Every structure is written in C-alpha cells, then in structure tokens.
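J.: Let me begin by handing over the structure; questions about it come next.
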Amino acid sequence: MDNARTHTRIDKRLSGFPEELKDGFAVVRLKTTEVMSADEQGLVHGGFLFSSADYAAMLAVNEPTVVLAKAEVKFLKPVRIGDEVVFTARVEKREGKKIIVNVVGEKNGSAVFEGEFLCVVPERHVLEKV
C-alpha cells in the first residue's frame with residue numbers, strides 16, 4: 001500500500017497484506033502457510049493471527065510512530081494452514097495520543113478473532129534517544 005505511513009518494513013508474508021486503507025480503517029488479509037503451523041495437524045499458531053490483527057490496528061491509525069500499549073483479544077475458532085483470514089480494523093475512540101482500535105478477523109465470513117487494541121502515538125519514535 002502506497003499510503004501506509006507506519007510499519008513499512010513488516011514482513012507481509014507473516015503479518016498479512018493490506019487490502020484497504022482509509023482514515024481510521026484498514027483491512028489486512030493473512031494467507032496462512034506451513035511456516036505458521038503449531039502442530040502436525042496444521043493448526044495456525046495464534047501469534048501469527050495476533051500479529052496480523054496488530055498490523056491492521058497500526059494501519060488504521062497510520063501514524064509513523066504508533067505503537068501498541070495494550071490488547072485484549074479473543075481467539076474464537078481455530079485456523080488451519082491454507083486458510084485466509086481477513087482482519088478489519090476500525091478506530092473507535094481517540095483521546096489525545098491514545099487511540100482505541102477494534103479488530104475482527106474472519107475466515108469465510110465467520111469471526112475467528114476479535115480484539116480491542118490500545119494504540120499510542122508518541123511525539124517521536126520509541127527507540128529514538130532523547
């Protein structure tokens with residue numbers, strides 16, 4: 001996505017591919033692969049789902065310095081290797097530098113993940129020395 005202002009070096013193969021990006025809104029599609037497998041039966045490790053949801057939340061905020069401060073998530077249904085999960089992120093509330101983003105992940109139109117992400121936009125990059 002040309003209009004992404006944050007997380008520009010993320011590995012999209014592991015965190016998903018942005019499909020839509022507007023002010024306060026983002027859609028990211030995760031195509032699950034064998035490297036995401038947690039076991040012999042092909043269960044996708046939840047960390048990859050979380051990463052994609054987090055990426056969608058960051059894109060919905062779309063500020064260069066945005067970081068995650070807190071997340072409350074639910075894994076609603078299992079995801080198998082080969083499934084595609086579409087994460088939709090919407091900014092719900094802004095209070096100064098704090099932004100609440102709700103994210104829903106769906107597989108074949110059925111919710112498999114939901115979460116509330118508290119994002120913060122500091123004045124400078126968190127790794128920048130004062």
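Chain labels A, B, ... are given in the sequence in which chains occur in the structure tokens; within each chain residues are numbered consecutively from 1, and ligands are likewise numbered from 1 in the order shown.
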I'd like to know which residues of chain A are strand (DSSP E or B) (by DSSP, run on the backbone); could you write them as a PyMOL selection string?
T.: chain A and resi 17-22+25-31+37+43-44+67-75+80+84-95+98-107+110-120
J.: Select from range 77-102 of chain A every residue with an atom at most 9 Å from any atom of range 31-42 of chain A, then for each give the shortest pair of atoms and their distance in Å to one decimal, using only C-alpha atoms, rows by chain and rising number, as JSON lines.
T.:
{"residue": "A:Val79", "atom": "CA", "partner": "A:Gly42", "partner_atom": "CA", "distance": 8.5}
{"residue": "A:Arg80", "atom": "CA", "partner": "A:Gly42", "partner_atom": "CA", "distance": 5.4}
{"residue": "A:Ile81", "atom": "CA", "partner": "A:Gly42", "partner_atom": "CA", "distance": 5.2}
{"residue": "A:Gly82", "atom": "CA", "partner": "A:Thr32", "partner_atom": "CA", "distance": 5.2}
{"residue": "A:Asp83", "atom": "CA", "partner": "A:Thr32", "partner_atom": "CA", "distance": 5.7}
{"residue": "A:Glu84", "atom": "CA", "partner": "A:Lys31", "partner_atom": "CA", "distance": 4.6}
{"residue": "A:Val85", "atom": "CA", "partner": "A:Lys31", "partner_atom": "CA", "distance": 6.7}
{"residue": "A:Val86", "atom": "CA", "partner": "A:Lys31", "partner_atom": "CA", "distance": 8.8}
J.: What's the separation between CA of Leu118 in chain A and CA of Lys70 in chain A, in Å to one decimal place?
T.: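 Computing the Euclidean distance for CA of Leu118 in chain A and CA of Lys70 in chain A yields 5.0 Å.
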J.: Select from range 1-123 of chain A everything DSSP, run on the backbone, classes as helix (DSSP H, G or I), then give the selection as a list of chain:residue names.
T.: A:Lys12, A:Arg13, A:Leu14, A:Ser15, A:Glu34, A:Val35, A:Met36, A:Gly46, A:Gly47, A:Phe48, A:Leu49, A:Phe50, A:Ser51, A:Ser52, A:Ala53, A:Asp54, A:Tyr55, A:Ala56, A:Ala57, A:Met58, A:Leu59, A:Ala60, A:Val61
J.: So the first atom is CA of Ala69 in chain A and the second is CA of Gly16 in chain A; what is the distance between them in Å, to one decimal place?
T.: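 The value is 20.8 Å.
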J.: Give me, as a Markdown table, the closest atom pair and its distance (Å, one decimal) for every residue of range 34-116 of chain A within a cut-off of 9 Å of range 19-30 of chain A, counting only C-alpha atoms, rows sorted by chain and rising number.
T.:
| residue | atom | partner | partner_atom | distance |
| --- | --- | --- | --- | --- |
| A:Phe48 | CA | A:Leu30 | CA | 8.7 |
| A:Leu49 | CA | A:Leu30 | CA | 7.9 |
| A:Ser52 | CA | A:Leu30 | CA | 6.7 |
| A:Ala53 | CA | A:Val28 | CA | 7.9 |
| A:Tyr55 | CA | A:Val28 | CA | 7.8 |
| A:Ala56 | CA | A:Val28 | CA | 5.7 |
| A:Ala57 | CA | A:Ala26 | CA | 7.3 |
| A:Met58 | CA | A:Ala26 | CA | 8.6 |
| A:Leu59 | CA | A:Ala26 | CA | 5.9 |
| A:Ala60 | CA | A:Phe25 | CA | 4.4 |
| A:Val61 | CA | A:Gly24 | CA | 5.7 |
| A:Asn62 | CA | A:Asp23 | CA | 7.8 |
| A:Asp83 | CA | A:Leu30 | CA | 8.3 |
| A:Glu84 | CA | A:Leu30 | CA | 5.6 |
| A:Val85 | CA | A:Leu30 | CA | 5.2 |
| A:Val86 | CA | A:Arg29 | CA | 4.4 |
| A:Phe87 | CA | A:Val28 | CA | 5.1 |
| A:Thr88 | CA | A:Val27 | CA | 4.6 |
| A:Ala89 | CA | A:Ala26 | CA | 5.2 |
| A:Arg90 | CA | A:Phe25 | CA | 4.7 |
| A:Val91 | CA | A:Gly24 | CA | 4.9 |
| A:Glu92 | CA | A:Gly24 | CA | 8.2 |
| A:Val101 | CA | A:Gly24 | CA | 8.4 |
J.: Could you check which of A:Asp11, A:Asp54, A:Glu72, A:Glu128 is closest to Gly115 in chain A, using only C-alpha atoms?
T.: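 Closest to Gly115 in chain A of all the choices is A:Glu72.
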J.: Using CA of Gly109 in chain A and CA of Leu76 in chain A as the two end points, give the distance in Å to one decimal.
T.: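 Computing it gives 13.1 Å between the two atoms.
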J.: Rank nothing, just name the residue among A:Val130, A:Ala71, A:Val120, A:Leu14 nearest to Val103 in chain A, using only C-alpha atoms.
T.: A:Ala71
